[in-house]
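Enquirer: Mind having a look at this structure? Questions to follow.
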Amino acid sequence: MKTIVALGGEGIGPEVVDATCELLLAGGVPVKVLTAPHGEAALKTHGTPVPDETKRLCHQADGVLFGAVGGPASVAVITYLRWQQDAYANVRPIKYYPGAASPLTNPTGIDLIILRENSEGLYPGREGDLSDLARALPDLSDRAGKRLGDFGEGRFAVKVVSRRGTERIARFACELARKRKARGHQGKVTCVTKSNVLRRSDGYFREIVEQVVQGYPDLAYEHFYVDDAARRLVRFPQSMDVVVTMNLYGDILSDVAAEAAGGLGIAPSGCLGDRWAYFESVHGSAPDIAGKGIANPTAAILSAAMMLEHMGLAAEAECLEQAVARVYRDGKALTPDQGGKATTKEFAQAVLAALRNG
Ligand code: NAI
Ligand code: MG
């Protein structure tokens with residue numbers, strides 16, 4: 001019996017995570033589900049958004065499933081789960097399940113991964129007053145010769161691209177593409193940057209990815225600028241396999257690609273480090289539909305499937321994904337974002353029925 005910690009978070013987070021955990025338990029997946037105080041609620045009861053007991057439980061567990069946060073305490077939860085644990089690889093599968101509400105005329109066969117560098121780039125956020133940066137770097141100028149001191153009052157954000165950070169995400173991309181190739185995928189790495197404008201920073205990311213890819217002659221490789229990549233993800237999503245990109249680009253492109261495949265309500269993700277992993281939907285707390293019981297739990301269920309695979313329960317993960325696919329093919333129990341009328345719980349019950357009949 002394995003143990004998972006479920007942190008629902010806020011907004012629709014607890015709605016989709018609860019439905020998912022009930023499904024796992026009713027479906028006979030051999031896991032024990034624990035919950036722990038976190039977020040806004042923990043701030044009130046424990047004086048901190050991530051109490052020590054929550055950290056301890058997460059580290060002892062075999063898997064961590066997170067919902068979403070939206071309140072002011074949210075940053076602290078994500079900071080803990082993602083940045084303090086150095087979960088540098090954000091794996092975001094984008095897959096079309098026939099029956100899902102894709103806006104494309106031919107979404108058949110969309111099956112790609114957006115691999116987002118999750119630990120540096122413009123995140124977690126290093127910002128300040130422009131005047132401080134101008135004092136520290138008085139000679140730094142842009143290509144037009146403008147210096148920082150010439151802007152007057154303003155702010156800045158620092159984008160970090162390290163060799164170590166880029167090498168490890170590039171290796172992760174190549175290993176993932178190789179694993180997927182063995183399962184019948186293209187075996188291709190697509191690197192996405194804006195190296196035509198940001199030559200030293202994005203150019204460095206691209207250069208290092210290309211060095212690492214050379215060690216994988218069995219894989220195909222291509223590079224696109226991020227604006228072109230956004231267009232391609234909508235126009236030719238089937239041409240992509242593993243897309244490796246920097247933090248902010250990955251954040252944006254994964255929402256674009258998720259929508260092409262059927263919507264944010266369907267897109268799962270995992271954040272992995274060398275000794276740590278947690279799993280969460282791509283979507284946020286969706287305050288516009290929170291509390292109505294109509295959130296699509298697919299993203300959370302598929303995130304749980306990724307978690308089960310990571311925990312060594314690959315067969316259970318596969319059954320769960322196939323059950324979700326059957327509910328989409330059948331089309332009778334879809335949530336409003338997918339054009340249906342089902343509630344979160346009704347959708348989860350349909351997946352349970354598919355799981356039992358599978
Ligand atoms: P969002 O992902 O929460 O919602 C965007 C749109 O998609 C909304 O119209 C929402 O109703 C819809 N949507 C999202 N998930 C859905 C689901 N499962 N079923 C049906 N419809 C769904 O993004 P938004 O509105 O930009 O952010 C809301 C809050 O969530 C913000 O406070 C943001 O900071 C936070 N957020 C948190 C994340 C996390 O905890 N990892 C990730 C993204 C946003
Ligand atoms: Mg996002």
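By order in the structure tokens, chains are A, B, ...; within a chain, residues start at 1; ligands start at 1, following the order shown.
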Would you mind listing what lies within 9 Å of region 198-212 of chain A as a ChimeraX atom specification, with only C-alpha atoms counted and same-chain residues fewer than 4 positions away left out?
Expert: /A:159-163,166-167,169-171,174,191-194,216,221,223,244-246
Enquirer: Write to file, as a PDB file, in the first residue's frame, the residues of the selection just made, with N, CA and C atoms.
Expert:
ATOM      1  N   LYS A 159      16.207  37.675 -15.660  1.00  0.00           N
ATOM      2  CA  LYS A 159      16.027  36.346 -16.254  1.00  0.00           C
ATOM      3  C   LYS A 159      17.357  35.594 -16.146  1.00  0.00           C
ATOM      4  N   VAL A 160      17.327  34.443 -15.486  1.00  0.00           N
ATOM      5  CA  VAL A 160      18.562  33.683 -15.251  1.00  0.00           C
ATOM      6  C   VAL A 160      18.580  32.445 -16.142  1.00  0.00           C
ATOM      7  N   VAL A 161      19.681  32.242 -16.841  1.00  0.00           N
ATOM      8  CA  VAL A 161      19.860  31.023 -17.637  1.00  0.00           C
ATOM      9  C   VAL A 161      21.209  30.448 -17.243  1.00  0.00           C
ATOM     10  N   SER A 162      21.206  29.384 -16.460  1.00  0.00           N
ATOM     11  CA  SER A 162      22.491  28.823 -16.018  1.00  0.00           C
ATOM     12  C   SER A 162      22.843  27.588 -16.843  1.00  0.00           C
ATOM     13  N   ARG A 163      24.127  27.305 -16.924  1.00  0.00           N
ATOM     14  CA  ARG A 163      24.565  26.101 -17.655  1.00  0.00           C
ATOM     15  C   ARG A 163      23.978  24.853 -17.000  1.00  0.00           C
ATOM     16  N   THR A 166      20.200  24.534 -17.543  1.00  0.00           N
ATOM     17  CA  THR A 166      19.830  24.228 -18.924  1.00  0.00           C
ATOM     18  C   THR A 166      20.250  22.814 -19.300  1.00  0.00           C
ATOM     19  N   GLU A 167      21.449  22.419 -18.851  1.00  0.00           N
ATOM     20  CA  GLU A 167      21.908  21.056 -19.174  1.00  0.00           C
ATOM     21  C   GLU A 167      20.956  20.015 -18.600  1.00  0.00           C
ATOM     22  N   ILE A 169      17.733  20.230 -17.839  1.00  0.00           N
ATOM     23  CA  ILE A 169      16.418  20.156 -18.494  1.00  0.00           C
ATOM     24  C   ILE A 169      16.585  19.590 -19.903  1.00  0.00           C
ATOM     25  N   ALA A 170      17.704  19.901 -20.550  1.00  0.00           N
ATOM     26  CA  ALA A 170      17.955  19.362 -21.895  1.00  0.00           C
ATOM     27  C   ALA A 170      18.115  17.845 -21.827  1.00  0.00           C
ATOM     28  N   ARG A 171      18.849  17.375 -20.829  1.00  0.00           N
ATOM     29  CA  ARG A 171      19.007  15.917 -20.668  1.00  0.00           C
ATOM     30  C   ARG A 171      17.670  15.258 -20.386  1.00  0.00           C
ATOM     31  N   CYS A 174      15.754  14.937 -23.584  1.00  0.00           N
ATOM     32  CA  CYS A 174      16.269  13.870 -24.452  1.00  0.00           C
ATOM     33  C   CYS A 174      15.887  12.485 -23.921  1.00  0.00           C
ATOM     34  N   CYS A 191      13.291  22.631 -29.480  1.00  0.00           N
ATOM     35  CA  CYS A 191      13.709  23.661 -28.523  1.00  0.00           C
ATOM     36  C   CYS A 191      13.053  24.981 -28.918  1.00  0.00           C
ATOM     37  N   VAL A 192      12.510  25.693 -27.940  1.00  0.00           N
ATOM     38  CA  VAL A 192      11.822  26.960 -28.218  1.00  0.00           C
ATOM     39  C   VAL A 192      12.451  28.084 -27.402  1.00  0.00           C
ATOM     40  N   THR A 193      12.921  29.118 -28.090  1.00  0.00           N
ATOM     41  CA  THR A 193      13.508  30.282 -27.411  1.00  0.00           C
ATOM     42  C   THR A 193      13.168  31.547 -28.211  1.00  0.00           C
ATOM     43  N   LYS A 194      13.737  32.646 -27.781  1.00  0.00           N
ATOM     44  CA  LYS A 194      13.673  33.885 -28.565  1.00  0.00           C
ATOM     45  C   LYS A 194      15.117  34.334 -28.791  1.00  0.00           C
ATOM     46  N   TYR A 216      22.583  12.437 -28.341  1.00  0.00           N
ATOM     47  CA  TYR A 216      21.438  11.544 -28.580  1.00  0.00           C
ATOM     48  C   TYR A 216      21.183  11.449 -30.094  1.00  0.00           C
ATOM     49  N   TYR A 221      15.895  16.679 -34.047  1.00  0.00           N
ATOM     50  CA  TYR A 221      15.962  17.943 -33.311  1.00  0.00           C
ATOM     51  C   TYR A 221      15.551  19.095 -34.211  1.00  0.00           C
ATOM     52  N   HIS A 223      14.526  23.669 -33.827  1.00  0.00           N
ATOM     53  CA  HIS A 223      14.371  24.841 -32.960  1.00  0.00           C
ATOM     54  C   HIS A 223      13.408  25.818 -33.613  1.00  0.00           C
ATOM     55  N   VAL A 244      10.990  21.487 -25.497  1.00  0.00           N
ATOM     56  CA  VAL A 244      11.700  21.945 -24.298  1.00  0.00           C
ATOM     57  C   VAL A 244      11.873  23.454 -24.385  1.00  0.00           C
ATOM     58  N   THR A 245      11.502  24.131 -23.306  1.00  0.00           N
ATOM     59  CA  THR A 245      11.532  25.587 -23.357  1.00  0.00           C
ATOM     60  C   THR A 245      11.715  26.201 -21.980  1.00  0.00           C
ATOM     61  N   MET A 246      11.919  27.519 -21.987  1.00  0.00           N
ATOM     62  CA  MET A 246      12.206  28.236 -20.745  1.00  0.00           C
ATOM     63  C   MET A 246      10.904  28.468 -19.972  1.00  0.00           C
TER      64      MET A 246
END
Enquirer: Taking only C-alpha atoms and all ligand atoms into account, list the residues no farther than 9 Å from ligand 1, as a PyMOL selection string.
Expert: chain A and resi 9-13+16+66-72+74-75+77-78+251+255+263-267+280-290+294-300+335-338+344
Enquirer: Taking 2 positions as the minimum chain separation for residues in the same chain, which residues sit within 6 Å of region 109-113 of chain A when counting only C-alpha atoms? Answer as a PyMOL selection string.
Expert: chain A and resi 92-96+107+115+237-238+240-242
Enquirer: Can you pull out every residue from region 18-79 of chain A that DSSP, working from the backbone, puts in strand (DSSP E or B), and format the result as a list in words?
Expert: Val31, Lys32, Val33, Leu34, Thr35, Gly63, Val64, Leu65, Phe66, Gly67 and Ala68 of chain A
Enquirer: Would you put the residues from that selection into a file with all heavy atoms, as a compact mmCIF listing (two decimals), in the first residue's frame?
Expert:
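File written: result_21.txt
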# COMPACT_ATOMS: atom_id res chain seq x y z
N VAL A 31 -3.75 2.78 -2.71
CA VAL A 31 -3.14 3.94 -2.06
C VAL A 31 -3.94 4.38 -0.84
O VAL A 31 -5.16 4.18 -0.78
CB VAL A 31 -3.04 5.17 -3.02
CG1 VAL A 31 -2.01 4.95 -4.10
CG2 VAL A 31 -4.39 5.54 -3.61
N LYS A 32 -3.22 4.93 0.11
CA LYS A 32 -3.86 5.56 1.26
C LYS A 32 -3.73 7.07 1.00
O LYS A 32 -2.67 7.54 0.59
CB LYS A 32 -3.08 5.17 2.52
CG LYS A 32 -3.78 5.55 3.80
CD LYS A 32 -3.17 4.79 4.96
CE LYS A 32 -2.00 5.59 5.52
NZ LYS A 32 -1.29 5.01 6.64
N VAL A 33 -4.86 7.82 1.21
CA VAL A 33 -4.82 9.25 0.93
C VAL A 33 -4.78 10.04 2.22
O VAL A 33 -5.67 9.90 3.07
CB VAL A 33 -6.05 9.68 0.10
CG1 VAL A 33 -6.01 11.18 -0.17
CG2 VAL A 33 -6.12 8.92 -1.22
N LEU A 34 -3.76 10.86 2.39
CA LEU A 34 -3.68 11.74 3.56
C LEU A 34 -3.89 13.18 3.13
O LEU A 34 -3.54 13.54 2.00
CB LEU A 34 -2.29 11.63 4.22
CG LEU A 34 -1.83 10.25 4.64
CD1 LEU A 34 -0.41 10.33 5.21
CD2 LEU A 34 -2.78 9.65 5.67
N THR A 35 -4.44 13.99 3.99
CA THR A 35 -4.50 15.42 3.70
C THR A 35 -3.71 16.14 4.79
O THR A 35 -3.45 15.58 5.86
CB THR A 35 -5.95 15.94 3.68
OG1 THR A 35 -6.55 15.60 4.92
CG2 THR A 35 -6.75 15.33 2.55
N GLY A 63 3.61 9.91 -3.06
CA GLY A 63 3.15 10.83 -4.10
C GLY A 63 2.46 12.04 -3.50
O GLY A 63 1.88 11.94 -2.42
N VAL A 64 2.57 13.17 -4.17
CA VAL A 64 1.89 14.40 -3.72
C VAL A 64 1.02 14.91 -4.87
O VAL A 64 1.52 15.10 -5.99
CB VAL A 64 2.91 15.49 -3.30
CG1 VAL A 64 2.18 16.79 -2.93
CG2 VAL A 64 3.77 15.01 -2.14
N LEU A 65 -0.27 15.07 -4.59
CA LEU A 65 -1.21 15.60 -5.60
C LEU A 65 -1.70 16.95 -5.12
O LEU A 65 -2.26 17.08 -4.03
CB LEU A 65 -2.39 14.62 -5.77
CG LEU A 65 -3.39 14.99 -6.86
CD1 LEU A 65 -2.75 14.95 -8.25
CD2 LEU A 65 -4.60 14.04 -6.82
N PHE A 66 -1.50 17.96 -5.95
CA PHE A 66 -1.83 19.33 -5.57
C PHE A 66 -2.96 19.83 -6.48
O PHE A 66 -3.01 19.49 -7.65
CB PHE A 66 -0.56 20.18 -5.73
CG PHE A 66 -0.75 21.64 -5.49
CD1 PHE A 66 -1.27 22.12 -4.29
CD2 PHE A 66 -0.42 22.56 -6.47
CE1 PHE A 66 -1.45 23.48 -4.09
CE2 PHE A 66 -0.58 23.92 -6.28
CZ PHE A 66 -1.09 24.38 -5.08
N GLY A 67 -3.84 20.66 -5.91
CA GLY A 67 -4.94 21.23 -6.70
C GLY A 67 -4.49 22.52 -7.35
O GLY A 67 -3.79 22.53 -8.36
N ALA A 68 -4.86 23.63 -6.76
CA ALA A 68 -4.42 24.94 -7.27
C ALA A 68 -4.63 25.95 -6.16
O ALA A 68 -5.47 25.74 -5.28
CB ALA A 68 -5.23 25.34 -8.49
Enquirer: My list of candidates is A:Leu57, A:Met1, A:Leu24, A:Leu253. Which is closest to ligand 2 when distances are computed with only C-alpha atoms and all ligand atoms?
Expert: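 Smallest separation from ligand 2 among the options: A:Leu253.
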Enquirer: Quick one: DSSP alpha helix (DSSP H) residues in region 179-322 of chain A, as a PyMOL selection string?
Expert: chain A and resi 179-182+202-213+226-235+247-261+298-310+314-322
Enquirer: Which of these residues is nearest to ligand 2, using only C-alpha atoms and all ligand atoms: A:Ala89, A:Ala353, A:Ala258, A:Ala134?
Expert: A:Ala258
